[in-house]
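Student: My structure is below; once you've seen it, I'll send some questions.
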Amino acid sequence: MRAGNSEQEQWVEYTPEPLLQHPRALARALARDLWRGRELAWRLAVRDLSAQYRQTALGVLWAFVVPLANTLVWVFLGSSGVVATAAAPLPYPVYVFTGTMLWSIFVDAANSPLRLTTNAAPMLSKINFPREALIVSGMLQALFHGVSKLVVLLLAVPLLEVNPGTSLLLVPLGVLALVLAGTVVGLLVTPLGMLYGDVGKSFPLVTQFLMYLSPVVFVMPATPGWAATVLSSNPLTPLLVSTRSWLTGTGDAMPAYFAAVVLAALVVLVVGLTAYRVAMPILIERMRG
């Protein structure tokens with residue numbers, strides 16, 4: 001099959017040999033298509049973001065409404081004694097509000113790969129373009145939503161009665177880490193989600209359950225136990241705890257654990273992109289059938 005552009009003709013050769021038999025060629029092709037697809041990824045992100053906010057009256061303020069509603073629910077449950085919560089390092093409403101805002105950044109990034117690939121299914125089976133552009137577009141959209149939420153949080157800092165100090169400068173790093181982690185999770189789920197619709201339908205339930213295993217609305221236990229073990233072993237814990245700490249100035253960040261999780265996520269991202277590239281021809285063939 002031949003793909004051309006205004007500068008030169010490019011030939012793309014498809015063979016029955018598994019791509020994994022030639023890892024160097026696979027790595028070069030992946031890097032090349034990531035670079036070639038950068039402009040397409042940007043255009044897709046701008047188009048999707050414009051469509052999302054064009055018909056909403058509140059626009060980016062929805063980034064504030066949903067976490068605020070979640071905060072009110074959990075504050076009510078805690079104050080009424082329905083749910084017992086441990087003592088938080090800052091006022092519980094602030095703890096829940098910041099936690100749900102940060103969690104929504106992760107969820108947005110996790111949902112993007114499968115959502116964008118599914119929406120692009122008709123185009124995938126008819127047009128030859130770098131498929132990785134869909135993943136990059138999802139990351140750009142998740143970053144936009146993350147920055148919007150970060151702006152809301154920064155505007156709310158004076159009202160939250162916290163004093164973050166210079167640690168506030170590290171908050172964008174936490175947002176980037178949450179987007180990276182979410183993209184990795186969504187990327188690993190996408191091939192199965194394209195094959196089986198049940199995966200996409202159940203994914204929101206999985207992320208909701210995962211939230212209760214993360215320090216979003218529940219405080220890290222001070223005493224050893226199964227709850228402390230589960231929360232401390234969750235790789236999302238250092239990302240959430242550290243970003244919240246930098247945002248509120250509580251001083252309970254986990255820099256070493258944070259760095260280890262980010263490095264591991266980068267490695268898994270490469271693995272996920274490779275699996276995505278290998279799986280896409282099979283998925284496209286099934287869609288054509």
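We name chains A, B, ... following the order of the structure tokens; residues begin at 1 in each chain, and ligands are numbered from 1 as shown.
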Got a sec: who's within 7 Å of stretch 172-189 of chain A, counting only C-alpha atoms, leaving out chain neighbours fewer than 3 positions off, as a count of residues only?
Tutor: 23
Student: Write down as a ChimeraX atom specification the residues of stretch 30-223 of chain A whose backbone DSSP state falls under helix (DSSP H, G or I).
Tutor: /A:30-36,38-54,59-79,92-119,121-124,132-160,165-195,197-212
Student: Tell me, in Å to one decimal, how far atom CA of A:Lys126 is from atom CA of A:Arg28.
Tutor: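 Rounded to one decimal, the two atoms are 24.2 Å apart.
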Student: Using atom CA of A:Pro221 and atom CA of A:Leu153 as the two end points, give the distance in Å to one decimal.
Tutor: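 Rounded to one decimal, the two atoms are 25.3 Å apart.
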